[in-house]
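Raw coords.txt, compact mmCIF, C-alpha atoms:
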```txt
# COMPACT_ATOMS: atom_id res chain seq x y z
CA MET A 104 17.93 22.69 71.56
CA HIS A 105 17.17 24.73 68.44
CA ASP A 106 15.80 28.25 68.75
CA HIS A 107 12.74 27.37 66.68
CA ASP A 108 11.92 24.53 69.09
CA SER A 109 12.01 26.93 72.04
CA GLU A 110 9.92 29.49 70.19
CA ARG A 111 7.40 26.82 69.17
CA LEU A 112 6.91 25.66 72.77
CA ALA A 113 6.76 29.18 74.20
CA THR A 114 4.24 30.34 71.59
CA PHE A 115 2.02 27.30 72.07
CA ALA A 116 2.06 27.72 75.85
CA ASP A 117 1.23 31.43 75.61
CA VAL A 118 -1.84 30.77 73.47
CA LEU A 119 -2.89 27.79 75.60
CA ALA A 120 -2.71 29.87 78.79
CA GLY A 121 -5.05 32.43 77.27
CA GLU A 122 -7.61 29.78 76.32
CA LEU A 123 -7.84 27.92 79.64
CA PRO A 124 -10.68 28.76 82.05
CA GLY A 125 -9.65 31.28 84.65
CA THR A 126 -6.50 33.39 84.52
CA TRP A 127 -3.19 31.75 83.62
CA THR A 128 0.22 33.19 82.79
CA SER A 129 2.95 31.41 80.86
CA SER A 130 6.72 31.43 81.42
CA HIS A 131 9.39 29.64 79.41
CA HIS A 132 12.24 27.74 81.05
CA PRO A 133 15.11 27.23 78.57
CA ALA A 134 17.86 24.62 78.58
CA GLU A 135 20.26 27.02 80.31
CA GLY A 136 18.28 26.81 83.55
CA LYS A 137 19.40 23.28 84.42
CA ASP A 138 18.76 23.63 88.16
CA ASP A 139 15.24 24.94 87.60
CA LEU A 140 14.50 22.13 85.14
CA ALA A 141 15.84 19.52 87.55
CA GLU A 142 13.60 20.82 90.34
CA LEU A 143 10.65 20.95 87.96
CA THR A 144 11.21 17.35 86.91
CA ASP A 145 10.98 16.26 90.54
CA ARG A 146 7.72 18.16 91.00
CA VAL A 147 5.88 16.84 87.94
CA TRP A 148 2.75 15.25 89.44
CA ASP A 149 2.51 12.22 87.21
CA MET A 150 3.25 8.50 87.43
CA ASP A 151 2.22 7.54 83.91
CA LEU A 152 2.79 9.01 80.45
CA VAL A 153 4.72 12.14 81.37
CA ALA A 154 6.84 10.38 83.99
CA GLN A 155 7.83 7.81 81.39
CA ALA A 156 8.65 10.51 78.86
CA LEU A 157 10.89 12.28 81.37
CA ALA A 158 12.62 9.01 82.22
CA ASP A 159 13.35 8.41 78.54
CA HIS A 160 14.26 12.00 77.68
CA PRO A 161 15.56 14.29 80.45
CA LEU A 162 13.92 17.69 80.43
CA GLN A 163 15.59 20.16 78.07
CA GLN A 164 13.06 22.97 78.24
CA ALA A 165 9.57 23.57 79.55
CA ALA A 166 6.78 26.11 79.76
CA ILE A 167 5.03 26.71 83.08
CA LEU A 168 1.43 27.87 83.27
CA THR A 169 0.59 29.51 86.60
CA ARG A 170 -2.80 30.45 88.08
CA PRO A 171 -3.20 33.21 90.71
CA ASP A 172 -3.91 30.62 93.44
CA GLY A 173 -0.48 29.06 92.85
CA ALA A 174 -1.62 26.08 90.76
CA GLN A 175 0.84 25.20 88.00
CA LEU A 176 0.88 23.09 84.84
CA VAL A 177 3.95 22.19 82.83
CA VAL A 178 3.96 21.95 79.04
CA LEU A 179 6.61 19.81 77.32
CA ASP A 180 7.29 19.29 73.63
CA ARG A 181 7.46 15.87 71.95
CA PRO A 182 10.17 16.30 69.30
CA GLU A 183 10.04 12.68 68.18
CA ARG A 184 6.26 12.28 67.99
CA GLY A 185 4.92 15.78 67.52
CA GLY A 186 2.47 17.64 69.67
CA PHE A 187 3.01 18.35 73.35
CA LEU A 188 2.57 16.87 76.82
CA ILE A 189 1.01 18.66 79.75
CA ALA A 190 1.05 17.65 83.41
CA ALA A 191 0.24 19.09 86.81
CA VAL A 192 3.05 20.42 88.99
CA ALA A 193 2.90 19.42 92.66
CA PRO A 194 3.00 22.45 94.98
CA SER A 195 6.35 22.84 96.70
CA ASN A 196 4.93 24.36 99.90
CA LEU A 197 3.16 21.22 101.13
CA PRO A 198 4.75 18.42 103.21
CA ALA A 199 5.20 14.94 101.78
CA GLU A 200 2.44 13.63 104.05
CA ALA A 201 -0.10 15.78 102.22
CA PHE A 202 0.30 13.64 99.10
CA ARG A 203 -0.02 10.24 100.75
CA GLY A 204 -3.04 8.27 99.59
CA LEU A 205 -3.64 10.59 96.65
CA ARG A 206 -3.80 9.44 93.07
CA GLU A 207 -1.61 11.54 90.80
CA PRO A 208 -3.51 13.73 88.32
CA ASP A 209 -1.57 12.19 85.43
CA GLY A 210 -0.87 14.31 82.37
CA ILE A 211 -2.21 14.04 78.84
CA VAL A 212 -1.07 14.39 75.23
CA LEU A 213 -1.91 17.58 73.34
CA THR A 214 -2.02 18.29 69.63
CA ASP A 215 -0.31 21.25 67.94
CA ASP A 216 -3.61 23.13 68.05
CA PRO A 217 -3.66 25.18 71.30
CA PHE A 218 -7.41 25.89 71.01
CA HIS A 219 -8.37 22.22 70.80
CA SER A 220 -5.75 21.42 73.44
CA ALA A 221 -7.31 23.94 75.83
CA GLU A 222 -10.61 22.06 75.56
CA LEU A 223 -8.83 18.79 76.36
CA VAL A 224 -7.11 20.28 79.40
CA ALA A 225 -10.26 21.95 80.72
CA GLY A 226 -12.37 18.82 80.27
CA ASP A 227 -9.89 16.33 81.71
CA LEU A 228 -6.61 17.23 83.39
CA LEU A 229 -7.73 20.47 85.02
CA ALA A 230 -10.68 18.88 86.81
CA ARG A 231 -8.53 16.02 88.14
CA PHE A 232 -5.76 18.43 89.12
CA ASP A 233 -8.08 20.74 91.05
CA THR A 234 -9.54 17.76 92.92
CA ALA A 235 -6.10 16.39 93.85
CA LEU A 236 -4.81 19.85 94.76
CA ALA A 237 -7.75 20.54 97.06
CA GLN A 238 -7.29 17.15 98.73
CA ALA A 239 -3.55 17.74 99.26
CA ARG A 240 -4.18 21.16 100.76
CA CYS A 241 -6.84 19.70 103.05
CA ASN A 242 -4.45 16.96 104.15
CA ALA A 243 -1.77 19.52 104.93
CA ALA A 244 -4.18 21.61 107.00
CA GLY A 245 -5.76 18.63 108.74
CA ILE A 246 -9.11 19.36 107.09
CA ARG A 247 -11.43 16.61 105.94
CA PRO A 248 -12.53 17.46 102.39
CA SER A 249 -16.16 18.19 101.60
CA GLN A 250 -18.30 16.41 99.01
CA PRO A 251 -20.77 17.93 96.54
CA ASP A 252 -23.68 17.03 98.84
CA ARG A 253 -21.89 17.34 102.18
CA VAL A 254 -19.83 20.10 103.79
CA VAL A 255 -17.42 19.21 106.57
CA LEU A 256 -16.48 21.91 109.07
CA THR A 257 -13.25 21.04 110.87
CA TRP A 258 -12.20 22.46 114.22
CA GLN A 259 -8.69 23.88 114.18
CA PRO A 260 -6.22 23.99 117.10
CA ASP A 261 -6.75 27.75 117.49
CA GLY A 262 -10.51 27.29 117.90
CA SER A 263 -11.44 28.38 114.40
CA LEU A 264 -13.44 26.34 111.90
CA ALA A 265 -12.23 25.46 108.43
CA ALA A 266 -13.95 24.06 105.36
CA ALA A 267 -12.93 23.22 101.82
CA PRO A 268 -16.06 23.79 99.68
CA VAL A 269 -16.38 22.05 96.34
CA SER A 270 -18.98 24.36 94.80
CA ASP A 271 -19.63 28.07 94.38
CA THR A 272 -22.96 27.69 96.19
CA VAL A 273 -21.27 26.42 99.36
CA ALA A 274 -18.54 29.03 99.12
CA GLU A 275 -21.15 31.80 98.91
CA VAL A 276 -23.03 30.49 101.96
CA LEU A 277 -19.83 30.23 104.00
CA ALA A 278 -18.70 33.71 103.00
CA ALA A 279 -22.13 35.16 103.85
CA ASN A 280 -21.78 33.73 107.37
CA GLY A 281 -18.35 35.10 108.18
CA PHE A 282 -15.97 32.53 106.70
CA VAL A 283 -12.95 34.09 105.01
CA ARG A 284 -11.18 32.44 102.08
CA ASP A 285 -7.40 32.12 102.44
CA GLU A 286 -4.86 31.82 99.64
CA SER A 287 -5.10 28.02 99.62
CA GLY A 288 -8.84 28.14 98.90
CA THR A 289 -9.82 27.07 102.42
CA TYR A 290 -12.63 28.98 104.14
CA ARG A 291 -12.02 29.79 107.82
CA LEU A 292 -14.24 31.15 110.60
CA SER A 293 -12.48 32.73 113.56
CA GLY A 294 -13.10 31.34 117.04
CA ASP A 295 -12.42 34.66 118.81
CA ASP A 296 -16.15 35.05 119.49
CA THR A 297 -17.56 31.59 120.17
CA THR A 298 -21.13 32.87 120.42
CA ALA A 299 -20.91 34.44 116.97
CA GLN A 300 -19.20 31.31 115.69
CA ALA A 301 -21.98 29.07 117.01
CA ARG A 302 -24.62 31.40 115.54
CA ALA A 303 -22.92 31.17 112.13
CA VAL A 304 -22.80 27.38 112.27
CA ARG A 305 -26.50 27.22 113.15
CA ALA A 306 -27.34 29.52 110.23
CA ILE A 307 -25.27 27.60 107.72
CA GLY A 308 -27.11 24.30 108.25
CA PRO A 309 -30.57 25.40 106.99
CA GLN A 310 -29.09 27.52 104.21
CA LEU A 311 -27.15 24.58 102.79
CA ASP A 312 -30.00 22.18 103.44
CA ALA A 313 -32.14 24.28 101.11
CA HIS A 314 -29.72 23.27 98.35
CA GLY A 315 -29.78 19.60 99.34
CA ILE A 316 -26.39 19.84 101.07
CA THR A 317 -25.81 18.45 104.57
CA THR A 318 -23.36 19.77 107.15
CA ALA A 319 -21.08 17.89 109.54
CA LEU A 320 -18.60 18.93 112.22
CA GLN A 321 -15.30 17.13 112.66
CA HIS A 322 -14.06 17.33 116.25
CA PRO A 323 -10.38 16.65 116.98
CA SER A 324 -9.66 14.64 120.12
CA GLY A 325 -10.05 16.75 123.23
CA ARG A 326 -11.72 19.67 121.46
CA ILE A 327 -15.14 20.63 122.86
CA PRO A 328 -17.30 22.71 120.50
CA PRO A 329 -19.30 25.75 121.72
CA THR A 330 -22.30 24.61 123.77
CA ALA A 331 -24.66 26.71 121.65
CA THR A 332 -23.85 24.63 118.59
CA PRO A 333 -26.31 21.79 117.95
CA PRO A 334 -24.77 18.35 117.55
CA THR A 335 -24.12 17.21 114.00
CA PRO A 336 -23.20 13.75 112.72
CA MET A 337 -19.58 12.89 112.36
CA PRO A 338 -18.45 12.25 108.79
CA ALA A 339 -17.82 8.63 107.89
CA PRO A 340 -14.15 7.65 107.64
CA ALA A 341 -12.85 7.82 104.11
CA ALA A 342 -11.90 4.52 102.57
CA THR A 343 -8.20 3.80 102.69
CA ARG A 344 -6.66 4.02 99.24
CA ALA A 345 -4.48 1.19 98.06
CA SER A 346 -2.18 3.59 96.25
CA ALA A 347 0.79 4.86 98.21
CA GLY A 348 0.48 8.21 96.45
CA ARG A 349 3.12 10.75 95.73
CA GLY A 350 6.03 10.87 98.17
CA ARG A 351 8.66 13.54 98.47
```
Go ahead and render the structure in this file as structure tokens.
Amino acid sequence: MHDHDSERLATFADVLAGELPGTWTSSHHPAEGKDDLAELTDRVWDMDLVAQALADHPLQQAAILTRPDGAQLVVLDRPERGGFLIAAVAPSNLPAEAFRGLREPDGIVLTDDPFHSAELVAGDLLARFDTALAQARCNAAGIRPSQPDRVVLTWQPDGSLAAAPVSDTVAEVLAANGFVRDESGTYRLSGDDTTAQARAVRAIGPQLDAHGITTALQHPSGRIPPTATPPTPMPAPAATRASAGRGR
């Protein structure tokens, strides 16, 4: 691996990180870090273009873009064709079951222009990655994901409620009613005071309804919700995906 190749990749990734929406930092992984590159190869969340490229050409170097919430993207060069490849990196702190039934947010080809490439990533890969990442985190936590027009509140074993909002509007309503966002992006409402919890749930319904968003409670088997909480319809079962999804 020539020094100018490493510098080219690192420079491109640095500029790209600064142009993506949100806050991203870039780190370069050179050829000397063989163990790190091997682990990274196994975590590339792709079953299409990037997976094929890695099968044909084992990873020699890479640049990792990292967001404060732990989301990561990997940037690879294409020495034979020019330009770069970028793909999502599957989080290492989730069990294999969390990825079952999920479609991989397959990577895309980038040009040598980091500014144009940032537009491609923001308009394509990043949206698919965030959707898949939220679904995987919900699966790991046993939370049924919400939809743009429907928020699902899921009872947790400790009596708390959890939700994975898909819009800022929903997140603001949840936060205003006592839900606290954790590092995974899930909003949780403590069950220490069931009366306060029930009051919050009652308040959330009309507030979301004003935005055209419905609310549903998901009750695990054997869990009885607070009596002060009005009944809400159970969410319809999600359709079973044909894809086996990513396994680890």
(request) Would you list the contacts of segment 186-203 of chain A as JSON, numbers by chain, taking every protein, DNA or RNA residue within 9 Å and counting only C-alpha atoms, but skipping same-chain residues closer than 3 positions in sequence? (result) {"A": [112, 143, 144, 145, 146, 147, 148, 149, 152, 153, 167, 173, 174, 175, 176, 177, 178, 179, 180, 181, 182, 206, 207, 208, 209, 210, 211, 212, 213, 214, 215, 216, 224, 228, 229, 232, 235, 236, 238, 239, 240, 241, 242, 243, 244, 346, 347, 348, 349, 350, 351]}
(request) Could you tell me how far atom CA of Arg253 of chain A lies from atom CA of Ile316 of chain A, in Å and to one decimal? (result)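 About the pair atom CA of Arg253 of chain A and atom CA of Ile316 of chain A: they are 5.3 Å apart.
Shortest atom-to-atom contact with Arg184 of chain A among A:Ala156, A:Thr297, A:Glu275, A:Trp127: A:Ala156, counting only C-alpha atoms.
Using all atoms listed in the file, the smallest distance between any of A:Thr114, A:Gly121, A:Leu205, A:Trp258 and Met150 of chain A comes from A:Leu205.
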(message) So, with all atoms listed in the file as the atoms that count, which of A:Ala299, A:Pro171, A:Glu222, A:Gln321 lies closest to Leu256 of chain A?
(response)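 Of the candidates, the smallest distance to Leu256 of chain A is held by A:Gln321.
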Per-axis box centre and lengths in Å around segment 226-239 of chain A, 3 Å margin per side, axis-aligned, as lines of an AutoDock Vina configuration file:
```
center_x = -8.0
center_y = 18.4
center_z = 89.8
size_x = 14.8
size_y = 10.7
size_z = 25.0
```
For Pro217 of chain A, please output as a compact mmCIF listing (two decimals) with C-alpha atoms, keeping the file's coordinate frame all residues within 8 Å (counting all atoms listed in the file; exclusion window: fewer than 2 positions along the same chain).
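What ended up in out_10.txt:
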```txt
# COMPACT_ATOMS: atom_id res chain seq x y z
CA PHE A 115 2.02 27.30 72.07
CA ALA A 116 2.06 27.72 75.85
CA VAL A 118 -1.84 30.77 73.47
CA LEU A 119 -2.89 27.79 75.60
CA GLU A 122 -7.61 29.78 76.32
CA THR A 214 -2.02 18.29 69.63
CA ASP A 215 -0.31 21.25 67.94
CA HIS A 219 -8.37 22.22 70.80
CA SER A 220 -5.75 21.42 73.44
CA ALA A 221 -7.31 23.94 75.83
```
(request) Rank A:Asp151, A:Glu142, A:Asp312, A:Glu183 by their smallest atom-to-atom distance to Ala165 of chain A, using only C-alpha atoms, and report the top residue only. (result) A:Glu142
(message) Here is a test: counting all atoms listed in the file, which residue of A:Ala158, A:His132, A:Thr126, A:Val269 is nearest to Ser109 of chain A?
(response) A:His132
(message) Measuring between all atoms listed in the file, which one of A:Ala237, A:Ala266, A:Ala113, A:Val255 shows the shortest distance to Leu320 of chain A?
(response)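 Nearest candidate to Leu320 of chain A out of A:Ala237, A:Ala266, A:Ala113, A:Val255: A:Val255.
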(request) State, in Å with one decimal place, the distance from atom CA of His314 of chain A to atom CA of Phe282 of chain A. (result)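 Atom CA of His314 of chain A sits 18.6 Å away from atom CA of Phe282 of chain A.
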(message) Rounded to one decimal, what separation in Å do you get between atom CA of Leu292 of chain A and atom CA of Gln259 of chain A?
(response)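 Rounded to one decimal, the two atoms are 9.8 Å apart.
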